[in-house]
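Have a look at coords_15.txt; it's compact mmCIF, C-alpha atoms:
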```
# COMPACT_ATOMS: atom_id res chain seq x y z
CA MET A 1 114.07 106.37 107.31
CA ALA A 2 112.49 103.67 105.13
CA PRO A 3 114.85 101.60 102.99
CA SER A 4 115.22 102.47 99.31
CA PRO A 5 114.75 100.10 96.40
CA LEU A 6 116.93 100.28 93.29
CA THR A 7 116.37 98.40 90.03
CA ILE A 8 119.19 98.42 87.48
CA LEU A 9 118.96 96.84 84.06
CA SER A 10 122.30 96.50 82.26
CA PRO A 11 122.42 95.25 78.66
CA VAL A 12 125.26 92.78 78.14
CA PRO A 13 126.74 91.26 74.94
CA TRP A 14 126.48 87.50 74.34
CA TRP A 15 130.07 86.86 75.40
CA TRP A 16 129.53 88.58 78.75
CA ALA A 17 126.36 86.55 79.29
CA LEU A 18 128.49 83.47 78.65
CA TRP A 19 131.05 84.67 81.22
CA ILE A 20 128.23 85.19 83.72
CA ARG A 21 126.90 81.70 83.12
CA VAL A 22 130.34 80.19 83.69
CA SER A 23 131.56 82.37 86.55
CA TRP A 24 128.42 82.69 88.68
CA PRO A 25 128.14 79.03 89.73
CA LEU A 26 131.83 79.05 90.71
CA ALA A 27 131.52 82.30 92.64
CA ARG A 28 128.36 81.02 94.33
CA LEU A 29 130.16 77.91 95.52
CA THR A 30 132.99 79.91 97.07
CA GLY A 31 130.96 82.86 98.37
CA PHE A 32 133.48 85.07 96.56
CA VAL A 33 130.98 87.79 95.64
CA ALA A 34 128.31 87.49 98.30
CA ALA A 35 130.49 87.14 101.43
CA PRO A 36 131.98 90.67 101.53
CA LEU A 37 128.61 92.21 100.62
CA GLN A 38 126.94 90.32 103.44
CA LYS A 39 129.12 92.28 105.87
CA LEU A 40 127.93 95.66 104.59
CA SER A 41 125.47 96.86 107.19
CA PHE A 42 123.12 98.73 104.88
CA ILE A 43 121.96 96.05 102.42
CA HIS A 44 118.54 94.60 103.23
CA ALA A 45 118.67 92.48 100.09
CA ALA A 46 120.48 92.37 96.76
CA ARG A 47 119.86 90.01 93.90
CA TRP A 48 121.41 89.61 90.47
CA GLY A 49 119.81 87.68 87.65
CA LEU A 50 120.55 87.24 83.97
CA VAL A 51 117.63 87.90 81.62
CA ALA A 52 118.86 85.95 78.62
CA ARG A 53 115.43 85.90 77.01
CA TRP A 54 112.52 88.35 77.04
CA PRO A 55 110.05 87.18 78.18
CA PRO A 56 111.51 84.34 80.28
CA ASP A 57 108.41 82.24 79.48
CA ARG A 58 109.63 79.94 76.66
CA ALA A 59 106.10 79.32 75.40
CA ALA A 60 105.73 83.01 74.50
CA ARG A 61 107.15 84.59 71.35
CA ARG A 62 110.62 86.01 71.89
CA ASP A 63 110.85 89.81 72.15
CA ARG A 64 113.83 90.46 69.87
CA GLY A 65 113.74 94.17 70.60
CA ALA A 66 114.84 93.63 74.23
CA PRO A 67 118.54 93.06 74.91
CA ARG A 68 120.14 90.31 76.96
CA SER A 69 120.51 92.02 80.35
CA LEU A 70 121.85 91.77 83.84
CA LEU A 71 119.08 92.63 86.30
CA PHE A 72 120.12 93.94 89.70
CA LEU A 73 117.58 94.53 92.45
CA THR A 74 118.59 95.89 95.78
CA THR A 75 117.07 97.47 98.88
CA PHE A 76 119.30 99.48 101.17
CA ASP A 77 119.50 102.06 103.95
CA GLY A 78 120.79 105.53 103.16
CA SER A 79 121.27 107.29 99.86
CA ALA A 80 122.02 105.71 96.49
CA VAL A 81 125.24 107.74 96.23
CA GLN A 82 126.57 106.36 99.54
CA TYR A 83 125.55 102.89 98.47
CA ILE A 84 127.36 103.02 95.15
CA GLU A 85 130.45 104.60 96.71
CA ALA A 86 130.61 101.80 99.28
CA PHE A 87 130.26 99.16 96.59
CA VAL A 88 133.01 100.68 94.48
CA ARG A 89 135.29 101.07 97.51
CA VAL A 90 134.69 97.69 99.17
CA VAL A 91 134.33 95.26 96.26
CA PRO A 92 135.73 96.88 93.09
CA GLY A 93 137.08 93.60 91.68
CA ARG A 94 133.76 91.85 92.17
CA ILE A 95 131.91 94.72 90.50
CA MET A 96 134.21 94.41 87.48
CA GLY A 97 133.57 90.66 87.47
CA LEU A 98 129.84 91.36 87.30
CA TYR A 99 129.72 94.46 85.10
CA GLY A 100 133.08 94.61 83.28
CA GLY A 101 131.51 93.58 79.97
CA ALA A 102 128.19 95.42 80.37
CA GLN A 103 127.55 97.91 77.59
CA GLY A 104 128.67 101.38 78.60
CA PHE A 105 129.97 100.39 82.05
CA PRO A 106 132.72 102.92 82.85
CA GLY A 107 134.84 100.78 85.20
CA VAL A 108 135.30 101.28 88.94
CA ARG A 109 138.32 103.56 89.15
CA ARG A 110 136.11 106.51 90.09
CA SER A 111 132.66 106.45 91.66
CA ARG A 112 131.17 109.44 89.75
CA PRO A 113 131.00 107.68 86.35
CA VAL A 114 129.53 104.64 88.11
CA GLU A 115 126.88 106.88 89.71
CA ARG A 116 126.06 108.27 86.27
CA TYR A 117 125.85 104.76 84.83
CA ILE A 118 123.51 103.69 87.64
CA ARG A 119 121.33 106.76 87.12
CA GLU A 120 121.07 106.07 83.40
CA HIS A 121 120.24 102.39 83.86
CA SER A 122 117.94 102.52 86.87
CA HIS A 123 114.18 102.08 86.50
CA PRO A 124 111.61 103.67 88.80
CA VAL A 125 109.94 101.31 91.25
CA ASP A 126 106.18 101.87 91.02
CA HIS A 127 105.21 100.01 94.18
CA PHE A 128 107.45 99.12 97.10
CA TRP A 129 106.57 97.60 100.45
CA CYS A 130 108.68 96.69 103.45
CA ALA A 131 107.49 94.86 106.58
CA TYR A 132 109.45 97.07 109.02
CA PRO A 133 110.09 100.39 107.28
CA ASP A 134 111.53 102.06 110.39
CA ALA A 135 114.13 99.35 111.04
CA THR A 136 117.56 99.60 109.45
CA VAL A 137 119.64 96.50 108.77
CA THR A 138 121.76 97.31 111.83
CA MET A 139 118.66 97.64 114.01
CA LYS A 140 117.32 94.27 112.84
CA ARG A 141 120.63 92.48 113.39
CA GLN A 142 121.07 94.06 116.82
CA ALA A 143 117.50 93.21 117.82
CA LEU A 144 117.95 89.57 116.79
CA ALA A 145 121.26 89.31 118.69
CA LEU A 146 119.73 91.00 121.74
CA THR A 147 116.81 88.58 121.70
CA ALA A 148 119.19 85.62 121.92
CA HIS A 149 120.89 87.17 124.99
CA TYR A 150 117.55 88.12 126.55
CA ASP A 151 116.16 84.61 126.10
CA ALA A 152 119.31 83.24 127.74
CA TYR A 153 118.78 85.64 130.67
CA LEU A 154 115.11 84.63 131.05
CA ALA A 155 116.15 80.98 131.06
CA SER A 156 118.79 81.64 133.73
CA ASP A 157 118.33 81.99 137.51
CA ARG A 158 117.63 85.73 136.89
CA SER A 159 120.09 86.66 139.60
CA ASP A 160 121.71 90.10 139.91
CA ALA A 161 124.83 88.67 138.30
CA ALA A 162 122.83 87.27 135.35
CA TRP A 163 121.09 90.63 134.84
CA ARG A 164 124.43 92.48 134.99
CA ARG A 165 125.88 90.05 132.46
CA PHE A 166 122.87 90.54 130.19
CA THR A 167 122.93 94.35 130.37
CA THR A 168 126.67 94.33 129.63
CA GLN A 169 126.05 92.20 126.54
CA ALA A 170 123.05 94.36 125.58
CA GLN A 171 124.91 97.69 125.72
CA THR A 172 125.91 97.66 122.07
CA LEU A 173 122.63 96.12 120.91
CA LEU A 174 120.20 98.79 122.03
CA MET B 1 111.69 87.59 90.74
CA LEU B 2 109.47 87.32 87.71
CA LEU B 3 109.05 89.24 84.47
CA ALA B 4 105.69 89.11 82.72
CA ALA B 5 104.99 90.70 79.35
CA LEU B 6 102.27 93.33 79.54
CA LEU B 7 99.44 93.29 77.06
CA ASP B 8 99.92 95.70 74.16
CA GLY B 9 99.35 99.31 75.19
CA GLU B 10 98.55 98.43 78.82
CA ASP B 11 101.67 99.81 80.52
CA ALA B 12 99.99 103.07 81.56
CA ALA B 13 96.96 101.18 82.90
CA ALA B 14 99.28 98.82 84.83
CA ARG B 15 101.06 101.82 86.37
CA ALA B 16 97.71 103.36 87.32
CA ALA B 17 96.64 100.08 88.92
CA LEU B 18 99.92 99.99 90.87
CA ARG B 19 99.38 103.54 92.12
CA ALA B 20 95.91 102.58 93.35
CA LEU B 21 97.12 99.56 95.32
CA GLY B 22 97.42 100.88 98.86
CA GLU B 23 99.26 98.38 101.07
CA PRO B 24 98.23 94.94 99.80
CA PHE B 25 101.39 93.17 101.01
CA ALA B 26 100.51 93.89 104.62
CA ARG B 27 97.91 91.15 104.00
CA VAL B 28 100.38 88.68 102.44
CA PRO B 29 101.95 86.72 105.32
CA GLY B 30 105.72 86.32 105.40
CA THR B 31 106.57 89.25 103.13
CA HIS B 32 109.80 91.08 104.06
CA LEU B 33 110.26 93.26 100.99
CA VAL B 34 108.48 93.51 97.67
CA ARG B 35 108.62 95.66 94.57
CA VAL B 36 106.32 95.75 91.58
CA GLN B 37 107.11 97.94 88.62
CA VAL B 38 106.60 98.41 84.94
CA LEU B 39 109.97 97.78 83.33
CA GLN B 40 110.73 99.10 79.86
CA PRO B 41 113.89 97.41 78.52
CA PRO B 42 116.14 99.60 76.38
CA PRO B 43 115.86 98.88 72.65
CA ARG B 44 118.44 96.85 70.75
CA ARG B 45 119.81 98.56 67.68
CA TRP B 46 117.75 97.89 64.53
CA ARG B 47 115.43 95.49 66.37
CA GLY B 48 112.53 97.81 67.08
CA ARG B 49 111.06 98.88 70.41
CA PRO B 50 110.73 96.14 73.03
CA ARG B 51 107.43 95.70 74.82
CA PRO B 52 107.03 96.73 78.46
CA TYR B 53 107.12 94.13 81.23
CA LEU B 54 105.88 93.84 84.77
CA LEU B 55 108.58 93.02 87.30
CA LEU B 56 107.53 91.45 90.60
CA ALA B 57 110.28 90.67 93.09
CA ALA B 58 109.97 89.78 96.75
CA GLU B 59 111.83 88.53 99.76
CA HIS B 60 109.44 86.28 101.61
CA ASP B 61 109.41 83.38 104.07
CA GLY B 62 108.61 79.84 103.05
CA PRO B 63 108.01 78.24 99.65
CA PRO B 64 106.90 80.38 96.68
CA GLU B 65 103.54 78.73 95.91
CA PRO B 66 101.47 79.89 98.92
CA TRP B 67 103.08 83.32 98.76
CA LEU B 68 102.30 83.61 95.04
CA ALA B 69 98.68 82.56 95.63
CA ALA B 70 98.22 85.27 98.29
CA ALA B 71 100.13 87.91 96.30
CA GLY B 72 98.19 87.00 93.15
CA ARG B 73 94.89 87.70 94.94
CA GLU B 74 96.12 91.09 96.13
CA LEU B 75 97.65 92.05 92.77
CA ASP B 76 94.85 90.78 90.54
CA THR B 77 93.99 94.28 89.26
CA VAL B 78 97.62 94.80 88.22
CA LEU B 79 98.36 91.33 86.89
CA ALA B 80 95.20 91.49 84.77
CA HIS B 81 97.26 93.72 82.43
CA CYS B 82 99.80 90.91 81.86
CA ALA B 83 99.67 88.49 78.96
CA PHE B 84 98.19 85.07 79.79
CA TRP B 85 97.35 86.01 83.40
CA PRO B 86 95.02 83.18 84.44
CA GLY B 87 93.23 85.18 87.16
CA ALA B 88 93.74 84.82 90.89
CA GLY B 89 91.06 82.17 91.40
CA ASP B 90 93.16 79.03 91.01
CA PRO B 91 96.34 79.05 93.17
CA ALA B 92 97.93 76.22 91.16
CA GLU B 93 97.46 78.15 87.91
CA VAL B 94 98.85 81.32 89.51
CA ALA B 95 101.95 79.44 90.67
CA ARG B 96 102.42 77.83 87.25
CA TRP B 97 102.03 81.17 85.47
CA ALA B 98 104.48 82.89 87.83
CA LEU B 99 107.12 80.17 87.85
CA GLU B 100 107.17 80.06 84.04
CA ARG B 101 108.12 83.75 84.11
CA ARG B 102 110.72 83.45 86.84
CA VAL B 103 114.17 84.97 86.38
CA ASP B 104 116.74 82.72 88.01
CA VAL B 105 118.79 84.50 90.65
CA GLY B 106 122.53 84.24 90.18
CA PHE B 107 123.59 85.88 93.41
CA SER B 108 121.77 87.08 96.42
CA VAL B 109 122.64 88.85 99.62
CA VAL B 110 120.12 89.14 102.43
CA ALA B 111 120.58 90.95 105.72
CA THR B 112 119.16 88.17 107.87
CA ASP B 113 117.70 84.70 107.58
CA ALA B 114 115.12 85.43 110.27
CA THR B 115 111.44 85.25 109.39
CA VAL B 116 109.22 88.34 109.35
CA GLU B 117 107.69 87.19 112.62
CA GLU B 118 111.10 86.65 114.26
CA VAL B 119 112.25 90.12 113.21
CA GLY B 120 109.04 91.64 114.57
CA VAL B 121 109.41 89.84 117.90
CA ALA B 122 113.08 90.88 118.13
CA LEU B 123 112.33 94.55 117.45
CA HIS B 124 109.54 94.49 120.02
CA ARG B 125 111.82 92.83 122.56
CA GLN B 126 114.58 95.36 121.91
CA ALA B 127 112.16 98.21 122.66
CA GLU B 128 111.00 96.42 125.80
CA VAL B 129 114.55 95.92 127.11
CA ARG B 130 115.41 99.54 126.33
CA ARG B 131 112.41 100.64 128.41
CA LEU B 132 113.26 98.28 131.30
CA ILE B 133 116.82 99.57 131.48
CA ALA B 134 115.72 103.22 131.28
CA GLU B 135 113.24 102.62 134.12
CA GLU B 136 115.88 100.65 136.08
CA ARG B 137 113.53 97.68 136.26
CA ARG B 138 114.06 94.09 135.30
CA PRO B 139 111.78 91.15 134.51
```

Here is the file; what I need is its structure written in the form of structure tokens.
Amino acid sequence: MAPSPLTILSPVPWWWALWIRVSWPLARLTGFVAAPLQKLSFIHAARWGLVARWPPDRAARRDRGAPRSLLFLTTFDGSAVQYIEAFVRVVPGRIMGLYGGAQGFPGVRRSRPVERYIREHSHPVDHFWCAYPDATVTMKRQALALTAHYDAYLASDRSDAAWRRFTTQAQTLL
Amino acid sequence: MLLAALLDGEDAAARAALRALGEPFARVPGTHLVRVQVLQPPPRRWRGRPRPYLLLAAEHDGPPEPWLAAAGRELDTVLAHCAFWPGAGDPAEVARWALERRVDVGFSVVATDATVEEVGVALHRQAEVRRLIAEERRP
């Protein structure tokens, strides 16, 4: 199954944008937000950015009709519902740190209101392309790990013992 | 990721151009993932309706400039609906235009640091090993 893209645009008040500007560099330095998400085996990519000005190009006239917003882009395996449930279950504190001040964000105590919030703030992706649409995150990680073991086997004396060692290591990577 | 203002009244035409694209990113080397979409921000109260924007976001290998030059060529029919699009002819102008519209990323999580080529080789090798083991052969 090909991965799914999700684009969420969350309007935030000025004071939450200020919080984001202060907290993000600190969290980036410590890996506080990204590290636990990195371990989730269904995220191909996730990025958060703050759109403080529409358009970002400072030479263009400011679009005062568009609100300061948190832009979240992600690509994942599985369904959006599973994805949101996992986020809420695994990193609830981090989600509050990112979205606690976003307009209309319901909090993370239950996943249903979060699902509704995501549905209401998601924007359809008109064109999406992925280099390996049949490969899940797990498949890619396993294939890369297997390749390292296989290269080590090819560089070895290729004895029966080396092959047995390789196939033992490969068991969980196929 | 970049956000470019669309020309007035061109959002439907941009969407139509996106639908007609086919698979242009198969021809842009080093592209892992990419999305292009027309993004309509919600309106602020009493500030009128915001204009629509084009969002282009990608995970790709290497520096942005060569990727942007190749992507700009493939997306010319779409980007032509954006304000101040310089055309795909001059790679330096394309990079300047795109980088001026860049949204800085606060956080990112990516599944692997491997290049597109490395992932492709690994997947191929995995299939090969699977076949060798099933056939009880070895290299």

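Of note, CA of Ala170 in chain A and CA of Asp61 in chain B are spaced 27.7 Å apart.
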
- Using only C-alpha atoms, select each residue of chain A with any atom at most 8 Å away from an atom of chain B, and give the selection as a PyMOL selection string. chain A and resi 5+9+11+24-25+28+33-34+37-38+41+43-51+55-58+63-67+123-132+137+139-141+143-144+146-147+163+174

- Item | Contacts of Gly87 in chain B within 10 Å, all atoms listed in the file, excl. fewer than 6 positions in-chain, as a PyMOL selection string | chain B and resi 72-73+75-77+79-80+93-94+97

Find the smallest box with edges along x, y and z containing every listed atom of range 124-129 of chain B, then add 5 Å on each side and report centre and edge lengths in Å to one decimal, as AutoDock Vina command-line options.
```
--center_x 112.1 --center_y 95.5 --center_z 123.6 --size_x 15.0 --size_y 15.4 --size_z 17.1
```

- Query: Between CA of Val12 in chain A and CA of Arg68 in chain A, what is the distance, to one decimal in Å?
  - Reply: 5.8 Å

- CA of Leu6 in chain B to CA of Val78 in chain B, distance in Å rounded to a single decimal: 10.0 Å
